$ cat protein13.cif   # mmCIF, C-alpha atoms
data_work
loop_
_atom_site.group_PDB
_atom_site.id
_atom_site.type_symbol
_atom_site.label_atom_id
_atom_site.label_comp_id
_atom_site.auth_asym_id
_atom_site.auth_seq_id
_atom_site.Cartn_x
_atom_site.Cartn_y
_atom_site.Cartn_z
ATOM 1 C CA MET A 212 81.475 126.118 202.559
ATOM 2 C CA ILE A 213 84.014 126.389 205.405
ATOM 3 C CA GLU A 214 85.732 123.277 204.108
ATOM 4 C CA THR A 215 86.046 124.821 200.642
ATOM 5 C CA LEU A 216 87.420 128.025 202.151
ATOM 6 C CA LEU A 217 90.071 126.170 204.168
ATOM 7 C CA ARG A 218 91.048 123.923 201.266
ATOM 8 C CA ARG A 219 91.405 126.855 198.868
ATOM 9 C CA THR A 220 93.301 128.830 201.526
ATOM 10 C CA LEU A 221 95.813 125.994 201.913
ATOM 11 C CA GLU A 222 96.157 125.667 198.129
ATOM 12 C CA ASN A 223 96.744 129.411 197.797
ATOM 13 C CA LEU A 224 99.143 129.480 200.738
ATOM 14 C CA TRP A 225 101.106 126.613 199.209
ATOM 15 C CA SER A 226 101.364 128.427 195.871
ATOM 16 C CA TYR A 227 102.422 131.730 197.492
ATOM 17 C CA LEU A 228 105.018 130.277 199.868
ATOM 18 C CA PRO A 229 107.863 129.705 197.357
ATOM 19 C CA VAL A 230 107.669 133.331 196.179
ATOM 20 C CA LEU A 231 107.548 134.573 199.752
ATOM 21 C CA LEU A 232 110.560 132.471 200.764
ATOM 22 C CA VAL A 233 112.589 133.628 197.753
ATOM 23 C CA ALA A 234 111.672 137.255 198.476
ATOM 24 C CA LEU A 235 112.710 136.930 202.136
ATOM 25 C CA PHE A 236 115.949 135.135 201.255
ATOM 26 C CA VAL A 237 116.993 137.642 198.591
ATOM 27 C CA SER A 238 116.143 140.490 200.951
ATOM 28 C CA ASN A 239 118.360 138.932 203.653
ATOM 29 C CA VAL A 240 121.222 138.286 201.212
ATOM 30 C CA ILE A 241 121.199 141.830 199.878
ATOM 31 C CA GLN A 242 120.880 143.268 203.367
ATOM 32 C CA SER A 243 123.837 141.311 204.704
ATOM 33 C CA ARG A 244 126.137 141.879 201.732
ATOM 34 C CA ARG A 245 125.294 145.354 200.549
ATOM 35 C CA SER A 246 123.983 147.531 203.320
ATOM 36 C CA ALA A 247 127.364 148.275 204.923
ATOM 37 C CA ARG A 248 128.737 149.467 201.602
ATOM 38 C CA VAL A 249 125.651 151.547 200.868
ATOM 39 C CA MET A 250 125.651 153.099 204.311
ATOM 40 C CA ASP A 251 129.410 153.838 204.110
ATOM 41 C CA TYR A 252 128.760 155.687 200.882
ATOM 42 C CA PHE A 253 125.907 157.495 202.591
ATOM 43 C CA LEU A 254 128.045 158.360 205.631
ATOM 44 C CA HIS A 255 131.067 159.670 203.789
ATOM 45 C CA GLY A 256 129.120 162.545 202.493
ATOM 46 C CA ARG A 257 129.267 162.193 198.751
ATOM 47 C CA VAL A 258 125.497 162.237 198.558
ATOM 48 C CA ARG A 259 124.865 164.819 201.257
ATOM 49 C CA GLU A 260 123.711 167.664 199.143
ATOM 50 C CA THR A 261 121.562 165.889 196.627
ATOM 51 C CA LEU A 262 118.054 164.710 197.245
ATOM 52 C CA VAL A 263 118.310 162.619 194.099
ATOM 53 C CA ALA A 264 121.221 160.551 195.380
ATOM 54 C CA VAL A 265 119.654 160.113 198.807
ATOM 55 C CA SER A 266 116.330 159.047 197.306
ATOM 56 C CA LEU A 267 118.107 156.554 195.046
ATOM 57 C CA THR A 268 120.067 155.212 198.011
ATOM 58 C CA GLY A 269 116.798 154.697 199.864
ATOM 59 C CA LEU A 270 115.334 152.772 196.923
ATOM 60 C CA LEU A 271 118.330 150.434 196.766
ATOM 61 C CA THR A 272 118.634 149.884 200.506
ATOM 62 C CA PRO A 273 116.947 146.641 201.571
ATOM 63 C CA GLY A 274 115.592 145.542 204.923
ATOM 64 C CA PRO A 275 113.461 147.187 207.563
ATOM 65 C CA LEU A 276 113.824 150.930 208.109
ATOM 66 C CA ALA A 277 114.213 150.408 211.877
ATOM 67 C CA ALA A 278 117.745 149.097 211.246
ATOM 68 C CA TYR A 279 118.764 152.390 209.636
ATOM 69 C CA LEU A 280 117.019 154.850 211.958
ATOM 70 C CA PRO A 281 119.865 155.000 214.524
ATOM 71 C CA VAL A 282 122.281 155.795 211.677
ATOM 72 C CA LEU A 283 119.953 158.494 210.369
ATOM 73 C CA LYS A 284 119.745 159.950 213.850
ATOM 74 C CA ALA A 285 123.567 160.067 213.980
ATOM 75 C CA LEU A 286 123.659 161.691 210.547
ATOM 76 C CA ARG A 287 121.147 164.267 211.725
ATOM 77 C CA LYS A 288 123.388 165.086 214.670
ATOM 78 C CA LEU A 289 126.285 165.451 212.254
ATOM 79 C CA GLY A 290 124.337 168.121 210.431
ATOM 80 C CA PHE A 291 122.386 166.286 207.782
ATOM 81 C CA ARG A 292 119.342 168.287 206.780
ATOM 82 C CA LEU A 293 116.035 166.674 207.728
ATOM 83 C CA SER A 294 114.903 167.035 204.116
ATOM 84 C CA LEU A 295 117.549 164.478 203.093
ATOM 85 C CA ILE A 296 116.589 162.148 205.909
ATOM 86 C CA ALA A 297 112.877 162.422 205.066
ATOM 87 C CA ALA A 298 113.612 161.641 201.409
ATOM 88 C CA PHE A 299 115.663 158.594 202.407
ATOM 89 C CA ILE A 300 112.995 157.293 204.833
ATOM 90 C CA THR A 301 110.287 157.785 202.214
ATOM 91 C CA SER A 302 112.008 155.959 199.375
ATOM 92 C CA GLN A 303 113.382 153.247 201.670
ATOM 93 C CA THR A 304 109.940 152.382 203.019
ATOM 94 C CA LEU A 305 107.870 152.699 199.842
ATOM 95 C CA VAL A 306 109.715 150.088 197.806
ATOM 96 C CA GLY A 307 112.569 147.624 198.199
ATOM 97 C CA PRO A 308 114.435 144.892 196.364
ATOM 98 C CA GLY A 309 112.627 142.164 198.320
ATOM 99 C CA ARG A 310 109.275 143.237 196.887
ATOM 100 C CA LEU A 311 110.407 142.705 193.303
ATOM 101 C CA PHE A 312 109.572 138.990 193.293
ATOM 102 C CA MET A 313 106.082 139.371 194.732
ATOM 103 C CA GLU A 314 105.110 142.300 192.536
ATOM 104 C CA VAL A 315 106.551 141.042 189.260
ATOM 105 C CA SER A 316 105.025 137.584 189.658
ATOM 106 C CA TYR A 317 101.604 138.926 190.685
ATOM 107 C CA PHE A 318 101.202 142.142 188.693
ATOM 108 C CA GLY A 319 103.998 142.196 186.098
ATOM 109 C CA ALA A 320 107.337 143.942 185.613
ATOM 110 C CA TRP A 321 105.678 147.102 184.345
ATOM 111 C CA PHE A 322 103.804 147.505 187.640
ATOM 112 C CA PHE A 323 106.993 147.153 189.681
ATOM 113 C CA ALA A 324 108.819 149.595 187.402
ATOM 114 C CA TYR A 325 106.047 152.133 187.919
ATOM 115 C CA ARG A 326 106.215 151.584 191.697
ATOM 116 C CA VAL A 327 109.970 152.276 191.671
ATOM 117 C CA VAL A 328 109.637 155.420 189.565
ATOM 118 C CA ALA A 329 106.668 156.686 191.596
ATOM 119 C CA SER A 330 108.435 156.007 194.908
ATOM 120 C CA PHE A 331 111.474 157.907 193.690
ATOM 121 C CA ALA A 332 109.296 160.844 192.634
ATOM 122 C CA ILE A 333 107.425 160.806 195.956
ATOM 123 C CA ALA A 334 110.706 160.794 197.918
ATOM 124 C CA LEU A 335 111.991 163.736 195.873
ATOM 125 C CA ALA A 336 108.758 165.655 196.382
ATOM 126 C CA VAL A 337 108.731 164.983 200.140
ATOM 127 C CA GLY A 338 112.399 166.036 200.390
ATOM 128 C CA ALA A 339 111.753 169.184 198.371
ATOM 129 C CA ILE A 340 108.827 170.213 200.583
ATOM 130 C CA TYR A 341 110.916 169.621 203.720
ATOM 131 C CA ALA A 342 113.733 171.686 202.186
ATOM 132 C CA LEU A 343 111.298 174.495 201.420
ATOM 133 C CA LEU A 344 110.041 174.457 205.013
ATOM 134 C CA GLU A 345 113.631 174.409 206.318
ATOM 135 C CA ARG A 346 114.467 177.469 204.243
ATOM 136 C CA ARG A 347 111.459 179.176 205.812
ATOM 137 C CA GLY A 348 112.855 178.417 209.265
ATOM 138 C CA MET A 349 110.717 175.452 210.270
ATOM 139 C CA ALA A 350 111.791 174.144 213.678
ATOM 140 C CA TRP A 351 111.632 170.374 213.807
ATOM 141 C CA GLU A 352 110.693 169.505 217.348
ATOM 142 C CA GLY A 353 112.843 166.745 218.815
ATOM 143 C CA ALA A 354 115.455 166.994 216.102
ATOM 144 C CA GLU A 355 118.147 168.173 218.493
ATOM 145 C CA ARG A 356 117.523 165.513 221.099
ATOM 146 C CA SER A 357 120.318 163.170 221.872
ATOM 147 C CA MET B 269 133.968 157.635 211.102
ATOM 148 C CA LEU B 270 130.810 156.732 212.899
ATOM 149 C CA ASP B 271 130.399 153.382 214.506
ATOM 150 C CA THR B 272 127.136 152.278 212.962
ATOM 151 C CA PRO B 273 125.056 149.178 213.499
ATOM 152 C CA THR B 274 125.203 148.411 209.769
ATOM 153 C CA THR B 275 128.996 148.194 209.624
ATOM 154 C CA GLN B 276 129.753 144.513 209.154
ATOM 155 C CA PRO B 277 133.273 143.096 208.978
ATOM 156 C CA SER B 278 132.291 140.120 206.823
ATOM 157 C CA PRO B 279 129.033 138.825 205.400
ATOM 158 C CA PRO B 280 127.400 135.943 207.274
ATOM 159 C CA PRO B 281 127.603 132.438 205.772
ATOM 160 C CA TRP B 282 124.798 131.086 203.593
ATOM 161 C CA THR B 283 123.575 128.736 206.304
ATOM 162 C CA THR B 284 123.041 131.707 208.632
ATOM 163 C CA LEU B 285 121.120 133.487 205.890
ATOM 164 C CA LEU B 286 118.947 130.425 205.319
ATOM 165 C CA VAL B 287 118.233 130.126 209.038
ATOM 166 C CA THR B 288 117.414 133.863 209.217
ATOM 167 C CA THR B 289 115.096 133.493 206.226
ATOM 168 C CA LEU B 290 113.300 130.546 207.808
ATOM 169 C CA LYS B 291 112.964 132.466 211.090
ATOM 170 C CA ASP B 292 111.530 135.447 209.187
ATOM 171 C CA ALA B 293 109.116 133.119 207.383
ATOM 172 C CA VAL B 294 107.998 131.450 210.616
ATOM 173 C CA ARG B 295 107.459 134.858 212.221
ATOM 174 C CA LEU B 296 105.516 136.110 209.204
ATOM 175 C CA LEU B 297 103.560 132.935 208.489
ATOM 176 C CA PRO B 298 100.623 133.281 210.946
ATOM 177 C CA LEU B 299 99.691 136.752 209.694
ATOM 178 C CA PHE B 300 100.458 135.801 206.111
ATOM 179 C CA ALA B 301 98.149 132.776 206.419
ATOM 180 C CA LEU B 302 95.418 135.023 207.844
ATOM 181 C CA ALA B 303 95.879 137.393 204.901
ATOM 182 C CA VAL B 304 95.612 134.442 202.488
ATOM 183 C CA LEU B 305 92.470 133.263 204.319
ATOM 184 C CA ALA B 306 90.963 136.756 203.981
ATOM 185 C CA SER B 307 91.879 136.967 200.307
ATOM 186 C CA THR B 308 90.473 133.474 199.636
ATOM 187 C CA ALA B 309 87.227 134.442 201.375
ATOM 188 C CA LEU B 310 87.161 137.548 199.191
ATOM 189 C CA GLU B 311 87.753 135.375 196.140
ATOM 190 C CA LEU B 312 85.014 132.869 197.058
ATOM 191 C CA PHE B 313 82.254 134.907 198.669
ATOM 192 C CA VAL B 314 82.441 138.495 197.460
ATOM 193 C CA PRO B 315 80.748 138.997 194.097
ATOM 194 C CA ARG B 316 82.955 140.360 191.341
ATOM 195 C CA ASP B 317 80.370 143.011 190.483
ATOM 196 C CA TRP B 318 80.404 144.306 194.035
ATOM 197 C CA VAL B 319 84.205 144.685 194.145
ATOM 198 C CA TYR B 320 84.209 146.195 190.695
ATOM 199 C CA SER B 321 81.532 148.725 191.657
ATOM 200 C CA ILE B 322 83.616 149.937 194.612
ATOM 201 C CA LEU B 323 87.213 149.528 193.440
ATOM 202 C CA GLY B 324 86.955 149.251 189.695
ATOM 203 C CA GLN B 325 84.354 151.676 188.450
ATOM 204 C CA ASN B 326 85.136 154.898 190.235
ATOM 205 C CA PRO B 327 88.904 155.309 190.637
ATOM 206 C CA LEU B 328 88.432 158.833 191.950
ATOM 207 C CA LEU B 329 86.994 157.295 195.112
ATOM 208 C CA ALA B 330 88.620 153.864 194.994
ATOM 209 C CA ILE B 331 92.253 155.068 194.976
ATOM 210 C CA PRO B 332 92.067 157.165 198.184
ATOM 211 C CA LEU B 333 89.944 154.433 199.753
ATOM 212 C CA ALA B 334 92.565 151.790 198.955
ATOM 213 C CA THR B 335 95.370 154.045 200.223
ATOM 214 C CA ILE B 336 93.604 154.612 203.554
ATOM 215 C CA ALA B 337 92.798 150.891 203.783
ATOM 216 C CA GLY B 338 96.474 150.099 203.169
ATOM 217 C CA ILE B 339 97.532 152.471 205.930
ATOM 218 C CA LEU B 340 94.976 151.164 208.418
ATOM 219 C CA LEU B 341 95.267 147.413 207.709
ATOM 220 C CA PRO B 342 97.265 145.904 210.587
ATOM 221 C CA ILE B 343 99.232 143.522 208.388
ATOM 222 C CA PRO B 344 102.972 143.191 207.836
ATOM 223 C CA ARG B 345 104.812 143.733 204.567
ATOM 224 C CA TYR B 346 104.336 140.953 202.014
ATOM 225 C CA ALA B 347 100.986 139.957 203.564
ATOM 226 C CA THR B 348 99.196 142.664 201.566
ATOM 227 C CA TYR B 349 99.992 140.925 198.291
ATOM 228 C CA PRO B 350 97.490 138.049 198.468
ATOM 229 C CA ILE B 351 94.731 140.547 199.321
ATOM 230 C CA ALA B 352 95.827 142.876 196.513
ATOM 231 C CA LEU B 353 95.918 139.956 194.073
ATOM 232 C CA ALA B 354 92.422 138.821 195.070
ATOM 233 C CA LEU B 355 91.103 142.370 194.610
ATOM 234 C CA TYR B 356 92.804 142.569 191.216
ATOM 235 C CA GLN B 357 91.278 139.256 190.118
ATOM 236 C CA LYS B 358 87.868 140.531 191.257
ATOM 237 C CA GLY B 359 88.054 143.617 189.076
ATOM 238 C CA ALA B 360 89.994 146.259 191.007
ATOM 239 C CA THR B 361 92.285 148.263 188.735
ATOM 240 C CA LEU B 362 96.084 148.145 188.950
ATOM 241 C CA ALA B 363 96.008 151.733 190.225
ATOM 242 C CA VAL B 364 93.883 150.613 193.188
ATOM 243 C CA VAL B 365 96.262 147.704 193.803
ATOM 244 C CA TYR B 366 99.142 150.176 193.694
ATOM 245 C CA ALA B 367 97.413 152.471 196.197
ATOM 246 C CA LEU B 368 96.784 149.577 198.584
ATOM 247 C CA ILE B 369 100.373 148.283 198.429
ATOM 248 C CA ALA B 370 101.996 151.727 198.646
ATOM 249 C CA GLY B 371 99.596 152.775 201.413
ATOM 250 C CA GLU B 372 100.484 149.719 203.471
ATOM 251 C CA VAL B 373 104.091 150.845 203.968
ATOM 252 C CA ILE B 374 103.332 154.454 204.901
ATOM 253 C CA LEU B 375 102.821 153.385 208.497
ATOM 254 C CA GLY B 376 105.298 150.720 209.518
ATOM 255 C CA ALA B 377 105.834 148.496 212.470
ATOM 256 C CA LEU B 378 105.118 150.140 215.802
ATOM 257 C CA GLU B 379 108.772 150.151 216.902
ATOM 258 C CA ARG B 380 109.813 151.847 213.643
ATOM 259 C CA ASP B 381 107.183 154.562 214.004
ATOM 260 C CA ILE B 382 108.073 155.187 217.653
ATOM 261 C CA MET B 383 111.767 155.501 216.749
ATOM 262 C CA GLU B 384 111.068 157.904 213.894
ATOM 263 C CA PHE B 385 108.706 159.920 216.096
ATOM 264 C CA ARG B 386 111.288 160.139 218.909
ATOM 265 C CA PHE B 387 114.347 160.796 216.734
ATOM 266 C CA PHE B 388 112.953 163.423 214.389
ATOM 267 C CA GLY B 389 109.946 164.853 216.237
ATOM 268 C CA TRP B 390 106.196 164.678 215.809
ATOM 269 C CA ARG B 391 106.061 167.470 213.229
ATOM 270 C CA SER B 392 108.389 165.671 210.883
ATOM 271 C CA TYR B 393 106.610 162.358 211.444
ATOM 272 C CA MET B 394 103.133 163.773 210.826
ATOM 273 C CA LEU B 395 104.239 165.851 207.849
ATOM 274 C CA ARG B 396 105.834 162.811 206.194
ATOM 275 C CA LEU B 397 102.721 160.733 206.884
ATOM 276 C CA VAL B 398 100.420 163.331 205.317
ATOM 277 C CA LEU B 399 102.703 164.027 202.343
ATOM 278 C CA CYS B 400 103.189 160.330 201.589
ATOM 279 C CA THR B 401 99.430 159.717 201.724
ATOM 280 C CA VAL B 402 98.732 162.613 199.367
ATOM 281 C CA PHE B 403 101.495 161.629 196.931
ATOM 282 C CA VAL B 404 100.504 157.947 196.903
ATOM 283 C CA ILE B 405 96.963 158.999 195.983
ATOM 284 C CA LEU B 406 98.263 161.347 193.266
ATOM 285 C CA THR B 407 100.600 158.708 191.781
ATOM 286 C CA GLY B 408 97.697 156.255 191.937
ATOM 287 C CA TYR B 409 95.654 158.657 189.818
ATOM 288 C CA ALA B 410 98.624 159.034 187.447
ATOM 289 C CA LEU B 411 98.783 155.243 187.021
ATOM 290 C CA GLN B 412 95.036 155.137 186.372
ATOM 291 C CA VAL B 413 95.484 157.713 183.607
ATOM 292 C CA LEU B 414 98.443 155.803 182.131
ATOM 293 C CA LEU B 415 96.551 152.500 181.947
#
$ encode --input "protein13.cif" --output "structure tokens"
Amino acid sequence: MIETLLRRTLENLWSYLPVLLVALFVSNVIQSRRSARVMDYFLHGRVRETLVAVSLTGLLTPGPLAAYLPVLKALRKLGFRLSLIAAFITSQTLVGPGRLFMEVSYFGAWFFAYRVVASFAIALAVGAIYALLERRGMAWEGAERS
Amino acid sequence: MLDTPTTQPSPPPWTTLLVTTLKDAVRLLPLFALAVLASTALELFVPRDWVYSILGQNPLLAIPLATIAGILLPIPRYATYPIALALYQKGATLAVVYALIAGEVILGALERDIMEFRFFGWRSYMLRLVLCTVFVILTGYALQVLL
């Protein structure tokens, strides 16, 4: 029984590895060649006032969120509303270009398309609720820390 | 203009990207292999009827359950997929698979969560966590209705 489990695990691992490697490679390529441009666009303020643009930017931004958090902190200090930052964090974490290969090959293109649309909607909803709370004078503890 | 960590003068060469990818894969592989082992065990030993009765028959319960499981599972991104695939092959609906995958990214790596917590405060962090959980469950229900 254990032997069967190990053999099937190795067979499965072997079949999953190519997809995983492609996903990681594409994620690294996009991150290294696109993120500076995306973040420049984000920094220069053309998307400041729209939750839609920020949520879309989050969807298209690859790589781990940790890499962007220092930039978001700087943007917050520059006066970015937390609702925009929350929308970006939400869409950036929920889906990403690197996941496309895994999700399409396992569950189909329709599933991935739904994930993208749903993540966008969730980011908008989160941003809108934050904006509502901001308008009501919500104090975000720690937001003014250096 | 801000001096940001993402500002890069020129993209790295392909060899660097390949090396980075291999390093990422090596770092991810132990946990990924464990996830594949778990999903294979699920595939071999857990009866289809049993999975279907929990995650396939009653989406009202299965979707929040899968979301919470996704949040609590201590596995990195990409490692959820073999488990989600095994559940799907055993009879879980796509909406449950969606809830598991989307739930997995709500809480991230520890260093990411600590940074977010420190930079934007505990209220913002907790509010985002709760809102994301609720919305993932709701969009899971929406997918179930669409299917």
$ interface_residues --input "protein13.cif" --of "chain B" --to "chain A" --cutoff "8 Å" --atoms "all atoms listed in the file" --output "JSON, numbers by chain"
{"B": [270, 272, 273, 274, 275, 276, 279, 280, 285, 286, 288, 289, 290, 292, 293, 301, 304, 305, 308, 309, 312, 346, 349, 353, 362, 366, 370, 373, 374, 379, 380, 383, 384, 386, 387, 388, 389, 390, 391, 392, 396, 399, 400, 403, 404, 407, 411]}
$ closest_residue --input "protein13.cif" --among "B:Leu302, B:Leu297, B:Ile405, B:Leu395" --to "Ala337 in chain B" --atoms "all atoms listed in the file"
B:Ile405
$ axis_aligned_box --input "protein13.cif" --around "range 338-352 of chain A" --padding-each-side "8 Å" --output "AutoDock Vina command-line options"
--center_x 111.6 --center_y 172.6 --center_z 207.9 --size_x 21.6 --size_y 29.1 --size_z 35.0
$ closest_residue --input "protein13.cif" --among "B:Thr361, B:Ser307, B:Thr401, B:Thr348" --to "Asn326 in chain B" --atoms "only C-alpha atoms"
B:Thr361
$ closest_residue --input "protein13.cif" --among "A:Val327, A:Ala339, A:Phe312, A:Thr268" --to "Arg292 in chain A" --atoms "all atoms listed in the file"
A:Ala339
$ residues_near_point --input "protein13.cif" --point "(92.6, 145.2, 200.6)" --cutoff "12 Å" --atoms "only C-alpha atoms" --output "ChimeraX atom specification"
/B:303-304,306-308,310-311,319,322-323,330-331,333-343,347-356,358,360,364-372
$ write_last_selection --input "protein13.cif" --atoms "C-alpha atoms" --output "PDB file, in the coordinates of the input"
ATOM      1  CA  ALA B 303      95.879 137.393 204.901  1.00  0.00           C
ATOM      2  CA  VAL B 304      95.612 134.442 202.488  1.00  0.00           C
ATOM      3  CA  ALA B 306      90.963 136.756 203.981  1.00  0.00           C
ATOM      4  CA  SER B 307      91.879 136.967 200.307  1.00  0.00           C
ATOM      5  CA  THR B 308      90.473 133.474 199.636  1.00  0.00           C
ATOM      6  CA  LEU B 310      87.161 137.548 199.191  1.00  0.00           C
ATOM      7  CA  GLU B 311      87.753 135.375 196.140  1.00  0.00           C
ATOM      8  CA  VAL B 319      84.205 144.685 194.145  1.00  0.00           C
ATOM      9  CA  ILE B 322      83.616 149.937 194.612  1.00  0.00           C
ATOM     10  CA  LEU B 323      87.213 149.528 193.440  1.00  0.00           C
ATOM     11  CA  ALA B 330      88.620 153.864 194.994  1.00  0.00           C
ATOM     12  CA  ILE B 331      92.253 155.068 194.976  1.00  0.00           C
ATOM     13  CA  LEU B 333      89.944 154.433 199.753  1.00  0.00           C
ATOM     14  CA  ALA B 334      92.565 151.790 198.955  1.00  0.00           C
ATOM     15  CA  THR B 335      95.370 154.045 200.223  1.00  0.00           C
ATOM     16  CA  ILE B 336      93.604 154.612 203.554  1.00  0.00           C
ATOM     17  CA  ALA B 337      92.798 150.891 203.783  1.00  0.00           C
ATOM     18  CA  GLY B 338      96.474 150.099 203.169  1.00  0.00           C
ATOM     19  CA  ILE B 339      97.532 152.471 205.930  1.00  0.00           C
ATOM     20  CA  LEU B 340      94.976 151.164 208.418  1.00  0.00           C
ATOM     21  CA  LEU B 341      95.267 147.413 207.709  1.00  0.00           C
ATOM     22  CA  PRO B 342      97.265 145.904 210.587  1.00  0.00           C
ATOM     23  CA  ILE B 343      99.232 143.522 208.388  1.00  0.00           C
ATOM     24  CA  ALA B 347     100.986 139.957 203.564  1.00  0.00           C
ATOM     25  CA  THR B 348      99.196 142.664 201.566  1.00  0.00           C
ATOM     26  CA  TYR B 349      99.992 140.925 198.291  1.00  0.00           C
ATOM     27  CA  PRO B 350      97.490 138.049 198.468  1.00  0.00           C
ATOM     28  CA  ILE B 351      94.731 140.547 199.321  1.00  0.00           C
ATOM     29  CA  ALA B 352      95.827 142.876 196.513  1.00  0.00           C
ATOM     30  CA  LEU B 353      95.918 139.956 194.073  1.00  0.00           C
ATOM     31  CA  ALA B 354      92.422 138.821 195.070  1.00  0.00           C
ATOM     32  CA  LEU B 355      91.103 142.370 194.610  1.00  0.00           C
ATOM     33  CA  TYR B 356      92.804 142.569 191.216  1.00  0.00           C
ATOM     34  CA  LYS B 358      87.868 140.531 191.257  1.00  0.00           C
ATOM     35  CA  ALA B 360      89.994 146.259 191.007  1.00  0.00           C
ATOM     36  CA  VAL B 364      93.883 150.613 193.188  1.00  0.00           C
ATOM     37  CA  VAL B 365      96.262 147.704 193.803  1.00  0.00           C
ATOM     38  CA  TYR B 366      99.142 150.176 193.694  1.00  0.00           C
ATOM     39  CA  ALA B 367      97.413 152.471 196.197  1.00  0.00           C
ATOM     40  CA  LEU B 368      96.784 149.577 198.584  1.00  0.00           C
ATOM     41  CA  ILE B 369     100.373 148.283 198.429  1.00  0.00           C
ATOM     42  CA  ALA B 370     101.996 151.727 198.646  1.00  0.00           C
ATOM     43  CA  GLY B 371      99.596 152.775 201.413  1.00  0.00           C
ATOM     44  CA  GLU B 372     100.484 149.719 203.471  1.00  0.00           C
TER      45      GLU B 372
END
$ atom_distance --input "protein13.cif" --atom1 "CA of Val287 in chain B" --atom2 "CA of Leu271 in chain A"
23.7 Å
$ atom_distance --input "protein13.cif" --atom1 "CA of Gly307 in chain A" --atom2 "CA of Thr272 in chain A"
6.9 Å
$ atom_distance --input "protein13.cif" --atom1 "CA of Ala342 in chain A" --atom2 "CA of Ile382 in chain B"
23.3 Å
$ closest_residue --input "protein13.cif" --among "B:Ala363, B:Leu375, B:Val314, B:Val398" --to "Leu415 in chain B" --atoms "all atoms listed in the file"
B:Ala363
$ closest_residue --input "protein13.cif" --among "B:Pro327, B:Ser278, B:Gly359, B:Phe385" --to "Tyr409 in chain B" --atoms "all atoms listed in the file"
B:Pro327
